[in-house]
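A.B. asks: Below you'll find model-v8.json; it's JSON, C-alpha atoms.
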[["chain", "number", "residue", "atom", "x", "y", "z"],
["A", 1, "MET", "CA", -37.44, 33.30, -15.36],
["A", 2, "GLN", "CA", -34.91, 35.43, -13.56],
["A", 3, "TYR", "CA", -34.58, 37.82, -10.61],
["A", 4, "GLN", "CA", -33.97, 41.48, -11.42],
["A", 5, "ALA", "CA", -33.38, 44.46, -9.11],
["A", 6, "VAL", "CA", -35.51, 47.20, -10.65],
["A", 7, "VAL", "CA", -35.75, 50.96, -10.02],
["A", 8, "ARG", "CA", -39.12, 52.48, -10.99],
["A", 9, "LYS", "CA", -38.64, 55.83, -9.25],
["A", 10, "PHE", "CA", -35.61, 57.76, -8.07],
["A", 11, "GLY", "CA", -34.78, 58.03, -4.38],
["A", 12, "PRO", "CA", -32.80, 56.40, -1.54],
["A", 13, "ALA", "CA", -31.59, 53.05, -2.87],
["A", 14, "HIS", "CA", -32.86, 50.88, -0.02],
["A", 15, "GLU", "CA", -36.34, 52.38, -0.50],
["A", 16, "VAL", "CA", -36.72, 52.35, -4.29],
["A", 17, "VAL", "CA", -34.87, 49.22, -5.46],
["A", 18, "GLY", "CA", -37.19, 46.25, -5.63],
["A", 19, "ILE", "CA", -36.79, 42.61, -6.68],
["A", 20, "GLU", "CA", -38.94, 41.38, -9.53],
["A", 21, "ARG", "CA", -39.28, 37.98, -11.19],
["A", 22, "THR", "CA", -39.41, 38.27, -14.98],
["A", 23, "PRO", "CA", -39.24, 35.93, -17.99],
["A", 24, "LEU", "CA", -36.07, 35.80, -20.06],
["A", 25, "PRO", "CA", -36.44, 37.50, -23.47],
["A", 26, "THR", "CA", -35.52, 35.84, -26.72],
["A", 27, "LEU", "CA", -31.78, 36.23, -27.26],
["A", 28, "ARG", "CA", -30.97, 38.49, -30.21],
["A", 29, "ARG", "CA", -28.82, 36.97, -32.94],
["A", 30, "ASP", "CA", -26.06, 39.58, -32.42],
["A", 31, "GLN", "CA", -25.89, 39.37, -28.61],
["A", 32, "VAL", "CA", -24.58, 37.09, -25.90],
["A", 33, "ARG", "CA", -26.38, 36.09, -22.71],
["A", 34, "VAL", "CA", -24.18, 36.34, -19.62],
["A", 35, "ARG", "CA", -25.12, 34.42, -16.49],
["A", 36, "LEU", "CA", -24.03, 36.83, -13.77],
["A", 37, "LEU", "CA", -22.44, 35.32, -10.66],
["A", 38, "ALA", "CA", -21.21, 38.26, -8.56],
["A", 39, "ARG", "CA", -21.85, 42.01, -8.48],
["A", 40, "SER", "CA", -20.46, 44.98, -6.55],
["A", 41, "ILE", "CA", -22.44, 47.77, -4.93],
["A", 42, "ASN", "CA", -20.62, 51.01, -5.74],
["A", 43, "PRO", "CA", -21.22, 54.70, -4.97],
["A", 44, "SER", "CA", -21.87, 55.30, -8.67],
["A", 45, "ASP", "CA", -24.83, 52.90, -8.48],
["A", 46, "ILE", "CA", -26.33, 54.67, -5.47],
["A", 47, "ILE", "CA", -25.85, 58.11, -7.05],
["A", 48, "THR", "CA", -27.61, 57.00, -10.24],
["A", 49, "ILE", "CA", -30.50, 55.46, -8.27],
["A", 50, "SER", "CA", -30.91, 58.73, -6.34],
["A", 51, "GLY", "CA", -31.74, 60.58, -9.56],
["A", 52, "ALA", "CA", -28.56, 62.66, -9.76],
["A", 53, "TYR", "CA", -28.27, 61.71, -13.43],
["A", 54, "ALA", "CA", -32.01, 61.69, -14.13],
["A", 55, "GLY", "CA", -31.46, 63.52, -17.42],
["A", 56, "ARG", "CA", -29.59, 60.55, -18.89],
["A", 57, "THR", "CA", -31.32, 57.72, -17.01],
["A", 58, "THR", "CA", -34.62, 56.32, -18.24],
["A", 59, "LEU", "CA", -37.03, 54.71, -15.77],
["A", 60, "PRO", "CA", -37.47, 51.87, -15.07],
["A", 61, "PHE", "CA", -33.92, 50.53, -15.11],
["A", 62, "ILE", "CA", -31.74, 47.80, -13.63],
["A", 63, "PRO", "CA", -28.73, 49.21, -11.72],
["A", 64, "GLY", "CA", -25.26, 47.75, -11.47],
["A", 65, "PHE", "CA", -22.20, 48.97, -13.37],
["A", 66, "GLU", "CA", -19.88, 46.20, -12.14],
["A", 67, "ALA", "CA", -20.85, 42.55, -12.52],
["A", 68, "PHE", "CA", -18.99, 39.36, -13.40],
["A", 69, "GLY", "CA", -20.35, 36.30, -15.13],
["A", 70, "VAL", "CA", -19.98, 33.50, -17.64],
["A", 71, "VAL", "CA", -21.28, 33.47, -21.21],
["A", 72, "GLU", "CA", -24.40, 31.29, -21.14],
["A", 73, "ALA", "CA", -25.43, 31.45, -24.80],
["A", 74, "CYS", "CA", -24.50, 33.21, -28.04],
["A", 75, "GLY", "CA", -26.73, 34.52, -30.81],
["A", 76, "GLU", "CA", -26.23, 32.93, -34.21],
["A", 77, "ALA", "CA", -24.37, 35.97, -35.56],
["A", 78, "VAL", "CA", -21.82, 36.02, -32.69],
["A", 79, "TYR", "CA", -18.28, 34.83, -33.39],
["A", 80, "GLY", "CA", -15.15, 34.69, -31.24],
["A", 81, "LEU", "CA", -16.90, 34.42, -27.88],
["A", 82, "ALA", "CA", -17.89, 30.94, -26.76],
["A", 83, "PRO", "CA", -20.21, 29.77, -23.98],
["A", 84, "GLY", "CA", -18.28, 29.33, -20.74],
["A", 85, "THR", "CA", -16.05, 32.38, -21.30],
["A", 86, "ARG", "CA", -15.56, 34.42, -18.12],
["A", 87, "VAL", "CA", -16.46, 38.07, -18.79],
["A", 88, "LEU", "CA", -17.30, 41.49, -17.41],
["A", 89, "PRO", "CA", -20.10, 43.06, -19.51],
["A", 90, "VAL", "CA", -19.39, 46.81, -19.44],
["A", 91, "ARG", "CA", -20.47, 50.13, -21.01],
["A", 92, "SER", "CA", -23.94, 49.96, -19.44],
["A", 93, "ALA", "CA", -25.71, 49.27, -16.17],
["A", 94, "GLY", "CA", -27.84, 46.17, -15.68],
["A", 95, "GLY", "CA", -25.62, 44.07, -13.44],
["A", 96, "TRP", "CA", -28.16, 43.54, -10.67],
["A", 97, "GLN", "CA", -29.97, 40.69, -12.39],
["A", 98, "GLU", "CA", -29.32, 37.00, -13.00],
["A", 99, "PHE", "CA", -28.75, 37.26, -16.75],
["A", 100, "LYS", "CA", -27.64, 40.13, -18.96],
["A", 101, "ASP", "CA", -27.99, 40.18, -22.75],
["A", 102, "THR", "CA", -25.31, 42.38, -24.28],
["A", 103, "ASP", "CA", -23.09, 43.18, -27.26],
["A", 104, "PRO", "CA", -20.20, 40.67, -27.28],
["A", 105, "SER", "CA", -17.71, 43.43, -28.10],
["A", 106, "TRP", "CA", -18.53, 45.02, -24.74],
["A", 107, "CYS", "CA", -17.46, 41.95, -22.77],
["A", 108, "LEU", "CA", -14.03, 42.16, -21.15],
["A", 109, "ARG", "CA", -12.31, 38.78, -20.89],
["A", 110, "VAL", "CA", -11.52, 37.83, -17.29],
["A", 111, "PRO", "CA", -8.44, 35.64, -16.67],
["A", 112, "ASP", "CA", -8.82, 32.36, -14.80],
["A", 113, "ALA", "CA", -6.29, 33.65, -12.24],
["A", 114, "LEU", "CA", -9.04, 35.79, -10.65],
["A", 115, "SER", "CA", -11.70, 34.32, -8.40],
["A", 116, "ASP", "CA", -15.29, 35.26, -9.14],
["A", 117, "PHE", "CA", -15.37, 37.75, -6.26],
["A", 118, "GLU", "CA", -12.04, 39.26, -7.33],
["A", 119, "ALA", "CA", -13.45, 39.60, -10.84],
["A", 120, "ALA", "CA", -16.59, 41.30, -9.51],
["A", 121, "THR", "CA", -14.45, 44.02, -7.90],
["A", 122, "SER", "CA", -11.86, 44.31, -10.69],
["A", 123, "TYR", "CA", -13.45, 46.96, -12.87],
["A", 124, "VAL", "CA", -14.86, 50.18, -11.36],
["A", 125, "ASN", "CA", -12.26, 51.01, -8.71],
["A", 126, "PRO", "CA", -9.13, 49.39, -10.20],
["A", 127, "MET", "CA", -9.78, 50.73, -13.70],
["A", 128, "THR", "CA", -10.57, 54.22, -12.37],
["A", 129, "ALA", "CA", -7.34, 54.17, -10.37],
["A", 130, "TRP", "CA", -5.37, 52.95, -13.39],
["A", 131, "LEU", "CA", -6.93, 55.66, -15.58],
["A", 132, "MET", "CA", -6.05, 58.46, -13.15],
["A", 133, "LEU", "CA", -2.49, 57.32, -12.55],
["A", 134, "HIS", "CA", -1.50, 56.38, -16.08],
["A", 135, "ASN", "CA", -3.72, 58.46, -18.39],
["A", 136, "LYS", "CA", -4.36, 61.57, -16.32],
["A", 137, "ILE", "CA", -1.12, 62.25, -14.44],
["A", 138, "GLY", "CA", 1.37, 59.97, -16.23],
["A", 139, "LEU", "CA", 2.68, 58.30, -13.06],
["A", 140, "ARG", "CA", 6.43, 57.72, -13.05],
["A", 141, "PRO", "CA", 9.12, 57.08, -10.43],
["A", 142, "GLY", "CA", 10.02, 60.13, -8.39],
["A", 143, "MET", "CA", 6.62, 61.82, -8.59],
["A", 144, "ARG", "CA", 5.06, 63.22, -5.42],
["A", 145, "ILE", "CA", 1.31, 62.72, -5.15],
["A", 146, "ALA", "CA", -1.40, 62.98, -2.48],
["A", 147, "VAL", "CA", -4.52, 60.84, -2.14],
["A", 148, "ASN", "CA", -7.50, 61.68, 0.09],
["A", 149, "ALA", "CA", -9.98, 59.14, 1.48],
["A", 150, "ALA", "CA", -6.86, 56.99, 1.33],
["A", 151, "ALA", "CA", -8.29, 54.19, 3.52],
["A", 152, "SER", "CA", -11.19, 53.62, 1.13],
["A", 153, "SER", "CA", -11.27, 50.72, -1.32],
["A", 154, "ILE", "CA", -10.09, 52.86, -4.23],
["A", 155, "GLY", "CA", -7.60, 54.70, -2.01],
["A", 156, "SER", "CA", -5.94, 51.39, -1.18],
["A", 157, "ILE", "CA", -5.78, 50.50, -4.87],
["A", 158, "LEU", "CA", -4.24, 53.87, -5.76],
["A", 159, "ILE", "CA", -1.58, 53.33, -3.11],
["A", 160, "GLY", "CA", -0.82, 49.83, -4.38],
["A", 161, "LEU", "CA", -0.51, 50.88, -8.03],
["A", 162, "ALA", "CA", 1.67, 53.86, -7.07],
["A", 163, "ASN", "CA", 3.91, 51.71, -4.88],
["A", 164, "ALA", "CA", 4.36, 49.33, -7.82],
["A", 165, "VAL", "CA", 6.28, 52.02, -9.71],
["A", 166, "GLY", "CA", 8.18, 53.27, -6.69],
["A", 167, "VAL", "CA", 5.92, 56.16, -5.68],
["A", 168, "GLU", "CA", 4.71, 56.50, -2.07],
["A", 169, "PRO", "CA", 1.71, 58.84, -1.86],
["A", 170, "VAL", "CA", 0.90, 61.23, 0.96],
["A", 171, "ALA", "CA", -2.27, 59.69, 2.38],
["A", 172, "ILE", "CA", -5.07, 61.86, 3.79],
["A", 173, "VAL", "CA", -7.75, 60.26, 5.99],
["A", 174, "ARG", "CA", -10.54, 61.46, 8.26],
["A", 175, "SER", "CA", -10.08, 59.38, 11.43],
["A", 176, "GLU", "CA", -7.61, 57.55, 13.61],
["A", 177, "GLU", "CA", -9.33, 54.30, 12.66],
["A", 178, "SER", "CA", -8.60, 55.01, 9.00],
["A", 179, "ARG", "CA", -5.00, 55.91, 9.84],
["A", 180, "GLN", "CA", -4.58, 52.56, 11.58],
["A", 181, "ARG", "CA", -5.83, 50.78, 8.46],
["A", 182, "LEU", "CA", -2.83, 52.22, 6.62],
["A", 183, "HIS", "CA", -0.35, 51.59, 9.44],
["A", 184, "GLY", "CA", 2.85, 50.12, 8.07],
["A", 185, "ARG", "CA", 2.00, 50.79, 4.43],
["A", 186, "LEU", "CA", 2.98, 54.47, 4.20],
["A", 187, "GLU", "CA", 5.38, 56.86, 5.87],
["A", 188, "THR", "CA", 3.07, 59.90, 5.74],
["A", 189, "VAL", "CA", -0.59, 59.65, 6.76],
["A", 190, "ILE", "CA", -2.39, 62.90, 7.63],
["A", 191, "ILE", "CA", -5.65, 62.96, 9.57],
["A", 192, "ASP", "CA", -7.93, 65.69, 8.21],
["A", 193, "ARG", "CA", -10.54, 66.51, 10.85],
["A", 194, "GLU", "CA", -13.13, 69.28, 10.64],
["A", 195, "ASP", "CA", -11.23, 71.34, 13.23],
["A", 196, "SER", "CA", -7.75, 70.50, 11.94],
["A", 197, "ASP", "CA", -5.42, 72.63, 9.86],
["A", 198, "LEU", "CA", -4.80, 70.56, 6.77],
["A", 199, "THR", "CA", -2.52, 73.27, 5.43],
["A", 200, "ALA", "CA", -0.19, 72.80, 8.40],
["A", 201, "GLY", "CA", -0.16, 69.06, 7.79],
["A", 202, "LEU", "CA", 0.97, 69.59, 4.23],
["A", 203, "VAL", "CA", 3.72, 72.09, 5.09],
["A", 204, "GLY", "CA", 6.95, 70.93, 3.52],
["A", 205, "ARG", "CA", 5.11, 69.17, 0.71],
["A", 206, "HIS", "CA", 4.51, 72.16, -1.52],
["A", 207, "GLY", "CA", 5.54, 71.03, -4.92],
["A", 208, "LEU", "CA", 3.28, 67.98, -5.17],
["A", 209, "ASP", "CA", 3.04, 66.78, -8.75],
["A", 210, "ALA", "CA", -0.55, 65.60, -8.42],
["A", 211, "VAL", "CA", -3.54, 65.41, -6.08],
["A", 212, "LEU", "CA", -6.23, 62.73, -6.48],
["A", 213, "ASP", "CA", -9.41, 64.02, -4.85],
["A", 214, "CYS", "CA", -12.64, 62.10, -4.24],
["A", 215, "VAL", "CA", -13.97, 64.32, -1.42],
["A", 216, "GLY", "CA", -14.54, 67.75, -2.98],
["A", 217, "GLY", "CA", -15.81, 70.66, -0.89],
["A", 218, "PRO", "CA", -13.68, 73.51, 0.47],
["A", 219, "ARG", "CA", -10.78, 71.19, 1.39],
["A", 220, "ALA", "CA", -10.04, 70.86, -2.32],
["A", 221, "SER", "CA", -8.53, 74.34, -2.30],
["A", 222, "VAL", "CA", -6.17, 73.41, 0.52],
["A", 223, "LEU", "CA", -4.95, 70.38, -1.39],
["A", 224, "ALA", "CA", -4.49, 72.45, -4.54],
["A", 225, "ASP", "CA", -2.32, 74.87, -2.55],
["A", 226, "ALA", "CA", 0.23, 72.06, -2.14],
["A", 227, "LEU", "CA", 0.63, 71.55, -5.88],
["A", 228, "LYS", "CA", 3.61, 72.89, -7.76],
["A", 229, "PRO", "CA", 2.90, 75.21, -10.73],
["A", 230, "GLY", "CA", 1.48, 73.05, -13.49],
["A", 231, "GLY", "CA", 0.66, 70.29, -11.01],
["A", 232, "HIS", "CA", -2.36, 68.12, -11.74],
["A", 233, "PHE", "CA", -5.53, 68.12, -9.64],
["A", 234, "VAL", "CA", -7.75, 65.12, -10.54],
["A", 235, "HIS", "CA", -11.28, 65.17, -9.13],
["A", 236, "TYR", "CA", -13.24, 61.90, -9.25],
["A", 237, "GLY", "CA", -15.72, 61.85, -6.37],
["A", 238, "LEU", "CA", -17.80, 63.88, -3.94],
["A", 239, "LEU", "CA", -17.77, 62.04, -0.62],
["A", 240, "SER", "CA", -18.23, 65.31, 1.27],
["A", 241, "GLY", "CA", -21.49, 65.95, -0.56],
["A", 242, "GLN", "CA", -20.20, 69.45, -1.31],
["A", 243, "SER", "CA", -19.08, 70.76, -4.67],
["A", 244, "ILE", "CA", -15.68, 72.35, -5.13],
["A", 245, "PRO", "CA", -16.27, 76.10, -4.54],
["A", 246, "ASN", "CA", -16.22, 78.45, -7.52],
["A", 247, "SER", "CA", -13.32, 80.34, -5.98],
["A", 248, "PHE", "CA", -11.14, 77.26, -6.48],
["A", 249, "TRP", "CA", -10.40, 78.03, -10.13],
["A", 250, "SER", "CA", -9.68, 81.74, -9.77],
["A", 251, "SER", "CA", -7.34, 81.11, -6.84],
["A", 252, "HIS", "CA", -5.42, 78.32, -8.62],
["A", 253, "PRO", "CA", -4.83, 79.51, -12.19],
["A", 254, "ASP", "CA", -1.46, 77.78, -12.47],
["A", 255, "ILE", "CA", -2.57, 74.15, -12.01],
["A", 256, "THR", "CA", -4.05, 71.59, -14.39],
["A", 257, "PHE", "CA", -7.53, 70.45, -13.37],
["A", 258, "SER", "CA", -9.43, 67.47, -14.75],
["A", 259, "PHE", "CA", -12.37, 65.26, -13.89],
["A", 260, "CYS", "CA", -12.08, 61.49, -14.12],
["A", 261, "HIS", "CA", -15.11, 59.44, -15.16],
["A", 262, "LEU", "CA", -14.43, 55.84, -16.10],
["A", 263, "ARG", "CA", -17.72, 55.58, -17.99],
["A", 264, "GLU", "CA", -16.84, 58.46, -20.32],
["A", 265, "TRP", "CA", -13.41, 56.99, -21.05],
["A", 266, "VAL", "CA", -14.81, 53.53, -21.80],
["A", 267, "HIS", "CA", -17.38, 54.99, -24.19],
["A", 268, "SER", "CA", -14.76, 57.05, -26.03],
["A", 269, "GLU", "CA", -12.05, 54.37, -26.31],
["A", 270, "THR", "CA", -11.86, 51.34, -28.56],
["A", 271, "MET", "CA", -12.65, 48.12, -26.73],
["A", 272, "ASP", "CA", -9.19, 46.82, -27.68],
["A", 273, "ASN", "CA", -7.64, 49.63, -25.62],
["A", 274, "VAL", "CA", -10.06, 49.04, -22.75],
["A", 275, "GLN", "CA", -9.25, 45.32, -22.80],
["A", 276, "ARG", "CA", -5.49, 46.05, -22.74],
["A", 277, "ALA", "CA", -5.92, 48.34, -19.73],
["A", 278, "TYR", "CA", -8.13, 45.79, -17.99],
["A", 279, "SER", "CA", -5.63, 42.98, -18.63],
["A", 280, "ASP", "CA", -2.93, 45.11, -16.96],
["A", 281, "VAL", "CA", -5.20, 45.73, -13.97],
["A", 282, "ALA", "CA", -6.18, 42.05, -13.73],
["A", 283, "ALA", "CA", -2.50, 41.05, -13.72],
["A", 284, "GLN", "CA", -1.88, 43.41, -10.80],
["A", 285, "ILE", "CA", -4.76, 41.79, -8.90],
["A", 286, "ALA", "CA", -3.52, 38.28, -9.67],
["A", 287, "ALA", "CA", -0.06, 39.25, -8.44],
["A", 288, "ASN", "CA", -1.54, 40.68, -5.18],
["A", 289, "VAL", "CA", -0.19, 44.13, -5.98],
["A", 290, "ILE", "CA", -3.72, 45.45, -5.42],
["A", 291, "ALA", "CA", -6.72, 43.89, -3.71],
["A", 292, "THR", "CA", -10.27, 44.75, -2.71],
["A", 293, "GLU", "CA", -11.58, 43.69, 0.67],
["A", 294, "VAL", "CA", -15.01, 42.04, 0.55],
["A", 295, "ARG", "CA", -16.95, 42.91, 3.69],
["A", 296, "GLU", "CA", -20.24, 41.05, 3.18],
["A", 297, "VAL", "CA", -21.95, 38.96, 0.52],
["A", 298, "PHE", "CA", -25.73, 38.77, 0.03],
["A", 299, "PRO", "CA", -27.93, 36.84, -2.41],
["A", 300, "LEU", "CA", -29.34, 39.08, -5.13],
["A", 301, "GLU", "CA", -32.83, 38.48, -3.72],
["A", 302, "GLN", "CA", -31.76, 40.24, -0.48],
["A", 303, "ILE", "CA", -30.91, 43.49, -2.26],
["A", 304, "GLY", "CA", -32.57, 45.66, 0.40],
["A", 305, "GLU", "CA", -30.43, 44.25, 3.21],
["A", 306, "ALA", "CA", -27.34, 44.45, 1.03],
["A", 307, "LEU", "CA", -27.92, 48.13, 0.27],
["A", 308, "GLN", "CA", -28.32, 48.98, 3.95],
["A", 309, "ALA", "CA", -25.10, 47.08, 4.74],
["A", 310, "ALA", "CA", -23.19, 48.86, 1.96],
["A", 311, "LEU", "CA", -23.65, 52.35, 3.42],
["A", 312, "PRO", "CA", -21.73, 54.37, 4.35],
["A", 313, "PHE", "CA", -19.05, 53.69, 1.73],
["A", 314, "ARG", "CA", -16.32, 55.11, 3.95],
["A", 315, "ILE", "CA", -16.40, 51.89, 5.95],
["A", 316, "GLY", "CA", -13.80, 49.47, 4.60],
["A", 317, "GLY", "CA", -14.67, 46.67, 2.22],
["A", 318, "LYS", "CA", -17.17, 46.01, -0.56],
["A", 319, "VAL", "CA", -20.63, 44.52, -0.27],
["A", 320, "LEU", "CA", -21.35, 42.03, -3.04],
["A", 321, "LEU", "CA", -24.47, 40.45, -4.50],
["A", 322, "ALA", "CA", -23.88, 36.82, -5.43],
["A", 323, "SER", "CA", -25.70, 34.06, -7.23],
["A", 324, "GLY", "CA", -25.40, 30.34, -6.63],
["A", 325, "GLY", "CA", -22.14, 28.88, -7.86],
["A", 326, "ALA", "CA", -19.96, 32.00, -7.44],
["A", 327, "ARG", "CA", -16.33, 31.01, -6.82],
["A", 328, "LEU", "CA", -14.85, 32.87, -3.82],
["A", 329, "VAL", "CA", -11.38, 31.35, -3.94],
["A", 330, "LEU", "CA", -9.37, 29.50, -6.57]]
If you took the structure in this file and wrote it as structure tokens, what would it be?
C.D. replies:
Amino acid sequence: MQYQAVVRKFGPAHEVVGIERTPLPTLRRDQVRVRLLARSINPSDIITISGAYAGRTTLPFIPGFEAFGVVEACGEAVYGLAPGTRVLPVRSAGGWQEFKDTDPSWCLRVPDALSDFEAATSYVNPMTAWLMLHNKIGLRPGMRIAVNAAASSIGSILIGLANAVGVEPVAIVRSEESRQRLHGRLETVIIDREDSDLTAGLVGRHGLDAVLDCVGGPRASVLADALKPGGHFVHYGLLSGQSIPNSFWSSHPDITFSFCHLREWVHSETMDNVQRAYSDVAAQIAANVIATEVREVFPLEQIGEALQAALPFRIGGKVLLASGGARLVL
């Protein structure tokens, strides 16, 4: 038997996610069974549970795109992946349960240098940040970039990865509290309030090579105004709850615009390439170049309390769901 967090109807996560006790199925000969030890609660999970992607999500389902565990058993046709191997099973949801049966080729190998909780936060945000910086904009020394929601978990990772190659981003935040979180890390931190003039704050920075936007809404146009011709605007989130206005594209014909969705990239790439990228990210975590703050940890069975604690995501730190035996520190 195992605990599973199950969604049987779309809606607010803390209202529609329930814990169920179910028997373990027979392990298929071509799959591995991963005993999951630690899982992150991410915005992408909450958005999926809300029904935003109802057209590609079949009810009922088990949420959780980011979960770490250890191979518990292997089907008889599985080779090259032994019980005890530390892995991140990716390419599908299903992390909010005690065991996950999956294709062995979809399991990223996790180095021993990462603790279990580091491993459980090493995929969604760090890999998205890596993808934007290295695949989307081709980060290199001397580039000038801006990052909004810069005090968020992924904002901190973007700053760390950029700093590692000698680039110091312009950080955009929404409050003095967020600015203080970045105190000492960056020279330029701009507070973007509802009644503030973000354009004035960016004066002198026209000619940015890239903007990394996870807020959306009308402020996107202001950020795009600071790009040089041919500059890259990467959009990867919608924290404002507002779409980028249609006028954005007609008023910025000379910039390069792209969306960034980790899931689409993982599904289109070979797993060898995904593993290489993940190994690079894991090495940066092990070297303390980037880190994810863990705010609270709940047992999987307390999923309702964990979901309430996780919101809003603008508050610093991740909320994790853990199982017995998870290793916090090395």
A.B. asks: Ranking A:Met127, A:Leu186, A:Val165, A:Leu198 by minimum distance to Arg140 in chain A and counting all atoms listed in the file, which one comes first?
C.D. replies: A:Val165
A.B. asks: Counting only C-alpha atoms, which residue out of A:Gly237, A:Gly230, A:Pro23, A:Gly155 sits closest to Gly217 in chain A?
C.D. replies: A:Gly237
A.B. asks: Kindly give the distance, in Å, that separates CA of Phe68 in chain A and CA of Ala120 in chain A, rounded to a single decimal.
C.D. replies: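 Going from CA of Phe68 in chain A over to CA of Ala120 in chain A covers 5.0 Å.
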A.B. asks: Could you check the closest approach to Gly317 in chain A for each of A:Glu305, A:Glu66, A:Glu293, A:Glu20 and tell me which residue wins, using only C-alpha atoms?
C.D. replies: A:Glu293
A.B. asks: Have a look at A:Leu108, A:Val319, A:Val90, A:Ala309 and name the one nearest to Asp272 in chain A; count only C-alpha atoms.
C.D. replies: A:Leu108
A.B. asks: So how many Å separate CA of Ile46 in chain A and CA of Pro12 in chain A, to one decimal?
C.D. replies: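 For CA of Ile46 in chain A relative to CA of Pro12 in chain A, the distance reads 7.8 Å.
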A.B. asks: Could you add N, CA, C and O atoms to range 14-25 of chain A and give me the result as an mmCIF file, keeping the file's coordinate frame?
C.D. replies:
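What ended up in result_33.cif:
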data_model
loop_
_atom_site.group_PDB
_atom_site.id
_atom_site.type_symbol
_atom_site.label_atom_id
_atom_site.label_comp_id
_atom_site.auth_asym_id
_atom_site.auth_seq_id
_atom_site.Cartn_x
_atom_site.Cartn_y
_atom_site.Cartn_z
ATOM 1 N N HIS A 14 -32.209 51.958 -0.770
ATOM 2 C CA HIS A 14 -32.860 50.880 -0.020
ATOM 3 C C HIS A 14 -34.375 51.012 -0.012
ATOM 4 O O HIS A 14 -35.081 50.062 0.345
ATOM 5 N N GLU A 15 -34.886 52.179 -0.445
ATOM 6 C CA GLU A 15 -36.340 52.380 -0.500
ATOM 7 C C GLU A 15 -36.915 52.140 -1.895
ATOM 8 O O GLU A 15 -38.082 51.751 -2.017
ATOM 9 N N VAL A 16 -36.138 52.363 -2.942
ATOM 10 C CA VAL A 16 -36.720 52.350 -4.290
ATOM 11 C C VAL A 16 -36.279 51.167 -5.152
ATOM 12 O O VAL A 16 -36.826 50.957 -6.234
ATOM 13 N N VAL A 17 -35.290 50.395 -4.691
ATOM 14 C CA VAL A 17 -34.870 49.220 -5.460
ATOM 15 C C VAL A 17 -35.698 48.023 -5.016
ATOM 16 O O VAL A 17 -35.710 47.670 -3.835
ATOM 17 N N GLY A 18 -36.373 47.405 -5.947
ATOM 18 C CA GLY A 18 -37.190 46.250 -5.630
ATOM 19 C C GLY A 18 -36.812 45.043 -6.468
ATOM 20 O O GLY A 18 -36.271 45.172 -7.573
ATOM 21 N N ILE A 19 -37.077 43.844 -5.947
ATOM 22 C CA ILE A 19 -36.790 42.610 -6.680
ATOM 23 C C ILE A 19 -38.041 42.168 -7.441
ATOM 24 O O ILE A 19 -39.140 42.134 -6.878
ATOM 25 N N GLU A 20 -37.843 41.848 -8.696
ATOM 26 C CA GLU A 20 -38.940 41.380 -9.530
ATOM 27 C C GLU A 20 -38.529 40.078 -10.220
ATOM 28 O O GLU A 20 -37.348 39.855 -10.497
ATOM 29 N N ARG A 21 -39.506 39.244 -10.486
ATOM 30 C CA ARG A 21 -39.280 37.980 -11.190
ATOM 31 C C ARG A 21 -39.839 38.134 -12.596
ATOM 32 O O ARG A 21 -41.023 38.409 -12.773
ATOM 33 N N THR A 22 -38.981 38.008 -13.606
ATOM 34 C CA THR A 22 -39.410 38.270 -14.980
ATOM 35 C C THR A 22 -38.946 37.159 -15.915
ATOM 36 O O THR A 22 -37.929 36.501 -15.652
ATOM 37 N N PRO A 23 -39.666 36.955 -17.018
ATOM 38 C CA PRO A 23 -39.240 35.930 -17.990
ATOM 39 C C PRO A 23 -38.029 36.402 -18.784
ATOM 40 O O PRO A 23 -37.836 37.607 -19.003
ATOM 41 N N LEU A 24 -37.209 35.467 -19.214
ATOM 42 C CA LEU A 24 -36.070 35.800 -20.060
ATOM 43 C C LEU A 24 -36.553 36.110 -21.471
ATOM 44 O O LEU A 24 -37.366 35.370 -22.030
ATOM 45 N N PRO A 25 -36.046 37.189 -22.086
ATOM 46 C CA PRO A 25 -36.440 37.500 -23.470
ATOM 47 C C PRO A 25 -35.763 36.558 -24.447
ATOM 48 O O PRO A 25 -34.815 35.835 -24.094
#
